[in-house]
$ cat protein27.txt   # compact mmCIF, N, CA and C atoms
# COMPACT_ATOMS: atom_id res chain seq x y z
N MET P 1 -2.12 -23.44 -7.59
CA MET P 1 -1.82 -22.26 -6.79
C MET P 1 -2.93 -22.10 -5.75
N PRO P 2 -2.56 -21.85 -4.48
CA PRO P 2 -3.58 -21.69 -3.45
C PRO P 2 -4.38 -20.40 -3.67
N ALA P 3 -5.60 -20.41 -3.15
CA ALA P 3 -6.45 -19.22 -3.25
C ALA P 3 -5.82 -18.08 -2.46
N PRO P 4 -5.96 -16.84 -2.95
CA PRO P 4 -5.38 -15.71 -2.21
C PRO P 4 -6.03 -15.55 -0.85
N VAL P 5 -5.23 -15.15 0.11
CA VAL P 5 -5.72 -14.92 1.46
C VAL P 5 -6.41 -13.56 1.49
N ILE P 6 -7.60 -13.51 2.05
CA ILE P 6 -8.31 -12.25 2.19
C ILE P 6 -7.88 -11.60 3.50
N ILE P 7 -7.39 -10.39 3.41
CA ILE P 7 -6.96 -9.66 4.59
C ILE P 7 -7.96 -8.53 4.81
N PRO P 8 -8.54 -8.43 5.99
CA PRO P 8 -9.59 -7.44 6.22
C PRO P 8 -9.13 -6.01 5.93
N ALA P 9 -10.06 -5.22 5.41
CA ALA P 9 -9.80 -3.80 5.18
C ALA P 9 -10.16 -3.08 6.48
N ASP P 10 -9.20 -2.96 7.36
CA ASP P 10 -9.44 -2.39 8.67
C ASP P 10 -8.38 -1.33 8.97
N PRO P 11 -8.74 -0.05 8.92
CA PRO P 11 -7.76 1.01 9.17
C PRO P 11 -7.05 0.88 10.51
N LYS P 12 -7.71 0.37 11.53
CA LYS P 12 -7.04 0.18 12.81
C LYS P 12 -5.93 -0.86 12.70
N LEU P 13 -6.20 -1.95 11.98
CA LEU P 13 -5.17 -2.96 11.77
C LEU P 13 -4.04 -2.42 10.90
N TRP P 14 -4.38 -1.62 9.88
CA TRP P 14 -3.34 -1.02 9.04
C TRP P 14 -2.41 -0.16 9.88
N ARG P 15 -2.99 0.68 10.72
CA ARG P 15 -2.18 1.58 11.55
C ARG P 15 -1.30 0.77 12.53
N LYS P 16 -1.90 -0.22 13.15
CA LYS P 16 -1.17 -1.04 14.13
C LYS P 16 0.00 -1.77 13.47
N ALA P 17 -0.22 -2.33 12.28
CA ALA P 17 0.83 -3.06 11.57
C ALA P 17 1.90 -2.10 11.05
N PHE P 18 1.48 -0.95 10.53
CA PHE P 18 2.43 -0.03 9.91
C PHE P 18 3.32 0.65 10.94
N ILE P 19 2.85 0.82 12.15
CA ILE P 19 3.60 1.54 13.18
C ILE P 19 4.95 0.89 13.47
N ASP P 20 5.06 -0.42 13.22
CA ASP P 20 6.32 -1.12 13.46
C ASP P 20 7.35 -0.89 12.36
N LEU P 21 6.93 -0.35 11.22
CA LEU P 21 7.86 -0.06 10.14
C LEU P 21 8.52 1.29 10.39
N ARG P 22 9.83 1.31 10.37
CA ARG P 22 10.59 2.53 10.66
C ARG P 22 11.06 3.17 9.34
N PRO P 23 11.06 4.50 9.27
CA PRO P 23 11.53 5.15 8.06
C PRO P 23 13.02 4.95 7.80
N SER P 24 13.76 4.53 8.80
CA SER P 24 15.21 4.33 8.67
C SER P 24 15.59 2.89 8.31
N VAL P 25 14.60 2.00 8.15
CA VAL P 25 14.87 0.60 7.82
C VAL P 25 14.04 0.20 6.61
N VAL P 26 14.69 -0.05 5.49
CA VAL P 26 14.01 -0.45 4.26
C VAL P 26 13.33 -1.80 4.48
N PRO P 27 12.00 -1.90 4.25
CA PRO P 27 11.29 -3.13 4.58
C PRO P 27 11.35 -4.25 3.55
N CYS P 28 11.72 -3.92 2.30
CA CYS P 28 11.76 -4.95 1.27
C CYS P 28 12.58 -4.45 0.08
N PRO P 29 13.01 -5.37 -0.80
CA PRO P 29 13.74 -4.96 -2.00
C PRO P 29 12.89 -4.03 -2.87
N GLY P 30 13.58 -3.16 -3.58
CA GLY P 30 12.92 -2.22 -4.47
C GLY P 30 12.91 -0.81 -3.93
N PHE P 31 13.11 -0.65 -2.64
CA PHE P 31 13.22 0.67 -2.02
C PHE P 31 14.68 0.99 -1.78
N THR P 32 15.03 2.27 -1.89
CA THR P 32 16.28 2.77 -1.35
C THR P 32 15.92 3.40 -0.01
N LEU P 33 16.89 3.74 0.78
CA LEU P 33 16.59 4.40 2.05
C LEU P 33 15.83 5.71 1.80
N GLN P 34 16.25 6.45 0.79
CA GLN P 34 15.58 7.72 0.47
C GLN P 34 14.15 7.49 -0.02
N SER P 35 13.96 6.56 -0.95
CA SER P 35 12.61 6.35 -1.48
C SER P 35 11.68 5.79 -0.39
N TRP P 36 12.20 4.92 0.47
CA TRP P 36 11.38 4.38 1.54
C TRP P 36 11.00 5.48 2.53
N GLY P 37 11.91 6.38 2.84
CA GLY P 37 11.59 7.47 3.76
C GLY P 37 10.42 8.30 3.26
N GLY P 38 10.41 8.63 1.98
CA GLY P 38 9.31 9.38 1.40
C GLY P 38 8.02 8.59 1.36
N THR P 39 8.13 7.31 1.01
CA THR P 39 6.94 6.46 0.98
C THR P 39 6.37 6.29 2.38
N HIS P 40 7.23 6.12 3.36
CA HIS P 40 6.78 5.97 4.75
C HIS P 40 5.99 7.21 5.17
N GLU P 41 6.51 8.40 4.88
CA GLU P 41 5.80 9.64 5.22
C GLU P 41 4.44 9.70 4.53
N ALA P 42 4.40 9.34 3.24
CA ALA P 42 3.14 9.37 2.50
C ALA P 42 2.15 8.37 3.09
N CYS P 43 2.62 7.21 3.51
CA CYS P 43 1.74 6.19 4.11
C CYS P 43 1.19 6.67 5.45
N VAL P 44 2.02 7.29 6.26
CA VAL P 44 1.55 7.80 7.55
C VAL P 44 0.47 8.86 7.32
N GLU P 45 0.71 9.76 6.37
CA GLU P 45 -0.31 10.77 6.06
C GLU P 45 -1.60 10.12 5.56
N PHE P 46 -1.45 9.12 4.68
CA PHE P 46 -2.62 8.40 4.19
C PHE P 46 -3.40 7.78 5.35
N LEU P 47 -2.71 7.11 6.25
CA LEU P 47 -3.38 6.46 7.37
C LEU P 47 -4.11 7.47 8.24
N ASP P 48 -3.53 8.64 8.43
CA ASP P 48 -4.17 9.68 9.23
C ASP P 48 -5.35 10.34 8.52
N ARG P 49 -5.21 10.54 7.22
CA ARG P 49 -6.19 11.35 6.49
C ARG P 49 -7.20 10.56 5.67
N TRP P 50 -6.79 9.44 5.05
CA TRP P 50 -7.62 8.78 4.05
C TRP P 50 -8.03 7.34 4.38
N ALA P 51 -7.42 6.71 5.36
CA ALA P 51 -7.61 5.27 5.59
C ALA P 51 -9.07 4.90 5.83
N ASP P 52 -9.77 5.64 6.66
CA ASP P 52 -11.17 5.30 6.95
C ASP P 52 -12.03 5.41 5.69
N GLU P 53 -11.79 6.44 4.91
CA GLU P 53 -12.54 6.61 3.66
C GLU P 53 -12.22 5.49 2.68
N ALA P 54 -10.94 5.13 2.57
CA ALA P 54 -10.54 4.05 1.66
C ALA P 54 -11.22 2.74 2.02
N ALA P 55 -11.23 2.40 3.29
CA ALA P 55 -11.90 1.16 3.73
C ALA P 55 -13.38 1.22 3.41
N GLY P 56 -14.01 2.36 3.64
CA GLY P 56 -15.42 2.52 3.34
C GLY P 56 -15.74 2.39 1.86
N LEU P 57 -14.76 2.71 1.01
CA LEU P 57 -14.93 2.60 -0.44
C LEU P 57 -14.57 1.21 -0.96
N GLY P 58 -14.15 0.32 -0.06
CA GLY P 58 -13.87 -1.06 -0.46
C GLY P 58 -12.42 -1.38 -0.77
N TRP P 59 -11.50 -0.46 -0.54
CA TRP P 59 -10.09 -0.74 -0.77
C TRP P 59 -9.62 -1.77 0.25
N THR P 60 -8.84 -2.73 -0.20
CA THR P 60 -8.35 -3.80 0.67
C THR P 60 -6.92 -3.51 1.12
N THR P 61 -6.46 -4.29 2.06
CA THR P 61 -5.08 -4.18 2.53
C THR P 61 -4.11 -4.32 1.37
N LEU P 62 -4.33 -5.31 0.51
CA LEU P 62 -3.40 -5.54 -0.60
C LEU P 62 -3.55 -4.50 -1.69
N ASP P 63 -4.75 -3.94 -1.89
CA ASP P 63 -4.91 -2.84 -2.84
C ASP P 63 -4.03 -1.66 -2.47
N LEU P 64 -3.80 -1.50 -1.19
CA LEU P 64 -3.06 -0.35 -0.68
C LEU P 64 -1.61 -0.65 -0.37
N PHE P 65 -1.35 -1.74 0.31
CA PHE P 65 -0.02 -2.01 0.87
C PHE P 65 0.60 -3.31 0.38
N GLY P 66 0.06 -3.91 -0.67
CA GLY P 66 0.58 -5.18 -1.17
C GLY P 66 1.94 -5.04 -1.83
N VAL P 67 2.77 -6.08 -1.67
CA VAL P 67 4.06 -6.20 -2.35
C VAL P 67 4.26 -7.67 -2.73
N HIS P 68 5.14 -7.91 -3.67
CA HIS P 68 5.47 -9.28 -4.05
C HIS P 68 6.13 -9.97 -2.84
N PRO P 69 5.77 -11.23 -2.54
CA PRO P 69 6.27 -11.89 -1.33
C PRO P 69 7.76 -12.20 -1.33
N GLU P 70 8.42 -12.19 -2.50
CA GLU P 70 9.84 -12.51 -2.55
C GLU P 70 10.72 -11.36 -3.02
N VAL P 71 10.19 -10.50 -3.88
CA VAL P 71 11.04 -9.42 -4.43
C VAL P 71 10.48 -8.03 -4.14
N GLY P 72 9.51 -7.93 -3.24
CA GLY P 72 9.00 -6.64 -2.81
C GLY P 72 8.46 -5.77 -3.93
N THR P 73 8.92 -4.53 -3.97
CA THR P 73 8.39 -3.58 -4.96
C THR P 73 9.09 -3.67 -6.31
N ILE P 74 10.05 -4.59 -6.43
CA ILE P 74 10.70 -4.80 -7.72
C ILE P 74 9.67 -5.27 -8.75
N ARG P 75 8.63 -5.93 -8.28
CA ARG P 75 7.52 -6.35 -9.16
C ARG P 75 6.34 -5.41 -8.92
N PRO P 76 6.29 -4.27 -9.59
CA PRO P 76 5.22 -3.29 -9.34
C PRO P 76 3.83 -3.81 -9.70
N ASP P 77 3.75 -4.84 -10.53
CA ASP P 77 2.43 -5.40 -10.87
C ASP P 77 1.76 -6.05 -9.66
N PHE P 78 2.50 -6.36 -8.61
CA PHE P 78 1.95 -6.92 -7.38
C PHE P 78 1.64 -5.83 -6.34
N CYS P 79 2.12 -4.62 -6.58
CA CYS P 79 2.11 -3.59 -5.55
C CYS P 79 0.79 -2.86 -5.40
N GLY P 80 0.51 -2.51 -4.16
CA GLY P 80 -0.64 -1.67 -3.85
C GLY P 80 -0.31 -0.20 -4.07
N ALA P 81 -1.34 0.60 -4.06
CA ALA P 81 -1.22 2.02 -4.39
C ALA P 81 -0.22 2.76 -3.52
N MET P 82 -0.17 2.46 -2.24
CA MET P 82 0.62 3.25 -1.31
C MET P 82 2.11 2.92 -1.32
N VAL P 83 2.52 1.85 -1.97
CA VAL P 83 3.94 1.49 -1.95
C VAL P 83 4.65 1.81 -3.26
N LEU P 84 3.96 2.41 -4.19
CA LEU P 84 4.55 2.66 -5.50
C LEU P 84 5.28 3.99 -5.62
N SER P 85 5.01 4.93 -4.74
CA SER P 85 5.72 6.22 -4.82
C SER P 85 5.61 6.95 -3.48
N ALA P 86 6.31 8.05 -3.41
CA ALA P 86 6.27 8.88 -2.20
C ALA P 86 5.27 10.03 -2.35
N GLU P 87 4.50 10.02 -3.42
CA GLU P 87 3.51 11.08 -3.64
C GLU P 87 2.38 10.94 -2.62
N ARG P 88 1.80 12.06 -2.25
CA ARG P 88 0.68 12.09 -1.31
C ARG P 88 -0.64 11.89 -2.06
N VAL P 89 -1.57 11.22 -1.43
CA VAL P 89 -2.90 11.02 -2.01
C VAL P 89 -3.60 12.38 -2.08
N SER P 90 -4.21 12.66 -3.23
CA SER P 90 -4.94 13.92 -3.39
C SER P 90 -6.43 13.69 -3.57
N ALA P 91 -6.84 12.47 -3.94
CA ALA P 91 -8.27 12.15 -4.10
C ALA P 91 -8.41 10.63 -4.14
N ILE P 92 -9.60 10.17 -3.75
CA ILE P 92 -9.86 8.73 -3.74
C ILE P 92 -11.32 8.48 -4.09
N THR P 93 -11.54 7.44 -4.90
CA THR P 93 -12.89 6.95 -5.20
C THR P 93 -12.86 5.44 -5.01
N ASP P 94 -13.95 4.78 -5.28
CA ASP P 94 -13.96 3.32 -5.16
C ASP P 94 -13.15 2.63 -6.26
N LYS P 95 -12.82 3.36 -7.33
CA LYS P 95 -12.12 2.76 -8.47
C LYS P 95 -10.66 3.19 -8.62
N HIS P 96 -10.33 4.38 -8.13
CA HIS P 96 -8.96 4.85 -8.31
C HIS P 96 -8.53 5.80 -7.19
N MET P 97 -7.23 6.01 -7.15
CA MET P 97 -6.64 6.91 -6.18
C MET P 97 -5.71 7.85 -6.94
N ARG P 98 -5.81 9.14 -6.65
CA ARG P 98 -4.98 10.15 -7.32
C ARG P 98 -3.81 10.54 -6.42
N PHE P 99 -2.67 10.69 -7.06
CA PHE P 99 -1.44 11.16 -6.41
C PHE P 99 -0.89 12.27 -7.29
N GLY P 100 -1.33 13.49 -7.10
CA GLY P 100 -0.89 14.58 -7.98
C GLY P 100 -1.29 14.28 -9.41
N ASN P 101 -0.30 14.08 -10.29
CA ASN P 101 -0.58 13.80 -11.71
C ASN P 101 -0.68 12.31 -12.02
N MET P 102 -0.52 11.46 -11.03
CA MET P 102 -0.55 10.01 -11.24
C MET P 102 -1.85 9.43 -10.70
N THR P 103 -2.38 8.41 -11.36
CA THR P 103 -3.58 7.72 -10.90
C THR P 103 -3.29 6.24 -10.78
N PHE P 104 -3.71 5.64 -9.66
CA PHE P 104 -3.62 4.20 -9.45
C PHE P 104 -5.04 3.65 -9.60
N TYR P 105 -5.22 2.70 -10.53
CA TYR P 105 -6.53 2.07 -10.74
C TYR P 105 -6.58 0.78 -9.95
N ARG P 106 -7.56 0.67 -9.09
CA ARG P 106 -7.67 -0.43 -8.15
C ARG P 106 -7.88 -1.78 -8.82
N ASN P 107 -8.76 -1.88 -9.76
CA ASN P 107 -9.10 -3.16 -10.36
C ASN P 107 -8.50 -3.31 -11.75
N LYS P 108 -7.20 -3.11 -11.84
CA LYS P 108 -6.50 -3.22 -13.12
C LYS P 108 -6.53 -4.67 -13.59
N PRO P 109 -7.03 -4.92 -14.81
CA PRO P 109 -7.07 -6.30 -15.32
C PRO P 109 -5.67 -6.91 -15.41
N GLY P 110 -5.58 -8.19 -15.10
CA GLY P 110 -4.32 -8.91 -15.20
C GLY P 110 -3.41 -8.77 -14.00
N ARG P 111 -3.86 -8.10 -12.97
CA ARG P 111 -3.03 -7.95 -11.77
C ARG P 111 -2.88 -9.32 -11.11
N PRO P 112 -1.64 -9.76 -10.87
CA PRO P 112 -1.45 -11.10 -10.29
C PRO P 112 -1.88 -11.18 -8.84
N SER P 113 -2.23 -12.38 -8.40
CA SER P 113 -2.55 -12.60 -6.99
C SER P 113 -1.29 -13.10 -6.29
N GLY P 114 -1.33 -13.13 -4.98
CA GLY P 114 -0.20 -13.66 -4.22
C GLY P 114 0.61 -12.60 -3.50
N ALA P 115 0.18 -11.35 -3.55
CA ALA P 115 0.89 -10.30 -2.82
C ALA P 115 0.72 -10.50 -1.32
N VAL P 116 1.60 -9.87 -0.56
CA VAL P 116 1.50 -9.86 0.90
C VAL P 116 1.53 -8.40 1.35
N PRO P 117 0.98 -8.10 2.52
CA PRO P 117 1.11 -6.73 3.04
C PRO P 117 2.58 -6.40 3.29
N LEU P 118 2.95 -5.19 3.04
CA LEU P 118 4.33 -4.74 3.21
C LEU P 118 4.91 -5.16 4.55
N TRP P 119 4.13 -5.05 5.61
CA TRP P 119 4.63 -5.37 6.95
C TRP P 119 4.79 -6.86 7.19
N GLN P 120 4.32 -7.70 6.25
CA GLN P 120 4.52 -9.14 6.39
C GLN P 120 5.60 -9.65 5.45
N PHE P 121 6.25 -8.76 4.69
CA PHE P 121 7.29 -9.18 3.79
C PHE P 121 8.40 -9.89 4.57
N GLY P 122 8.82 -11.03 4.05
CA GLY P 122 9.92 -11.76 4.66
C GLY P 122 9.56 -12.60 5.87
N ARG P 123 8.29 -12.65 6.20
CA ARG P 123 7.88 -13.44 7.38
C ARG P 123 7.33 -14.77 6.96
$ encode --input "protein27.txt" --output "structure tokens"
Amino acid sequence: MPAPVIIPADPKLWRKAFIDLRPSVVPCPGFTLQSWGGTHEACVEFLDRWADEAAGLGWTTLDLFGVHPEVGTIRPDFCGAMVLSAERVSAITDKHMRFGNMTFYRNKPGRPSGAVPLWQFGR
């Protein structure tokens, strides 16, 4: 298996890449139009409010926006924090991100490699 590609943690690149994703077009399997619309809104809010802090804390592109390269969010073990729900981020540290009553742990043991950024799915 090839080594995972390192994608820079750059909020400007995240914003530039995400801007092409439309809330009316589901970007990968695992989303419905309704669930994607909510996730899209939460991602836009995250990019506006939390992206710079997340990058400063060491969160990577795949930690946040990763999906399985063939089946999208159907494989949640490949997914980054921002693509798993439509909940808004309420707190962030270098180890976890809070979404209301849910917590995403960044360095969960056994997380598979090989994810791609959501905006590169299918390319």
$ residues_around --input "protein27.txt" --residues "stretch 99-103 of chain P" --least-positions-apart "6" --cutoff "7 Å" --atoms "only C-alpha atoms" --output "NGL selection string"
:P and (87-90)
$ select_by_dssp --input "protein27.txt" --residues "chain P" --states "helix (DSSP H, G or I)" --output "ChimeraX atom specification"
/P:11-18,33-49,51-56,61-65,76-78,81-83,118-120
$ residues_around --input "protein27.txt" --residues "stretch 17-23 of chain P" --least-positions-apart "2" --cutoff "7 Å" --atoms "only N, CA and C atoms" --output "PyMOL selection string"
chain P and resi 12-15+25-26+33+36-37+40-41+119
$ closest_residue --input "protein27.txt" --among "P:Pro117, P:Gly56, P:Gly110, P:Gly30" --to "P:Gly72" --atoms "all atoms listed in the file"
P:Gly30
$ residues_around --input "protein27.txt" --residues "P:Thr93" --least-positions-apart "6" --cutoff "9 Å" --atoms "only C-alpha atoms" --output "list in words"
Glu53, Ala54 and Leu57 of chain P
$ axis_aligned_box --input "protein27.txt" --around "stretch 19-29 of chain P" --padding-each-side "8 Å" --output "JSON"
{"center_x": 9.2, "center_y": -0.1, "center_z": 5.3, "size_x": 28.7, "size_y": 26.5, "size_z": 32.3}
$ select_by_dssp --input "protein27.txt" --residues "chain P" --states "strand (DSSP E or B)" --output "JSON, numbers by chain"
{"P": [66, 67, 68, 72, 91, 92, 96, 97, 98, 99, 102, 103, 104, 105, 116, 117]}
$ residues_near_point --input "protein27.txt" --point "(-4.9, -0.5, -1.1)" --cutoff "8 Å" --atoms "all atoms listed in the file" --output "ChimeraX atom specification"
/P:54,58-66,79-83,106
$ closest_residue --input "protein27.txt" --among "P:Pro11, P:Pro29, P:Pro69, P:Gly122" --to "P:Arg49" --atoms "only C-alpha atoms"
P:Pro11
$ closest_residue --input "protein27.txt" --among "P:Ala51, P:Ala42, P:Met97, P:Val67" --to "P:Ala115" --atoms "all atoms listed in the file"
P:Val67
$ atom_distance --input "protein27.txt" --atom1 "atom CA of P:Tyr105" --atom2 "atom C of P:Thr73"
17.2 Å
$ residues_near_point --input "protein27.txt" --point "(0.1, -12.7, -3.7)" --cutoff "6.5 Å" --atoms "all atoms listed in the file" --output "ChimeraX atom specification"
/P:4,68-69,112-116
$ atom_distance --input "protein27.txt" --atom1 "atom CA of P:Ser35" --atom2 "atom CA of P:Ala86"
6.9 Å
$ atom_distance --input "protein27.txt" --atom1 "atom C of P:His96" --atom2 "atom C of P:Glu70"
26.1 Å
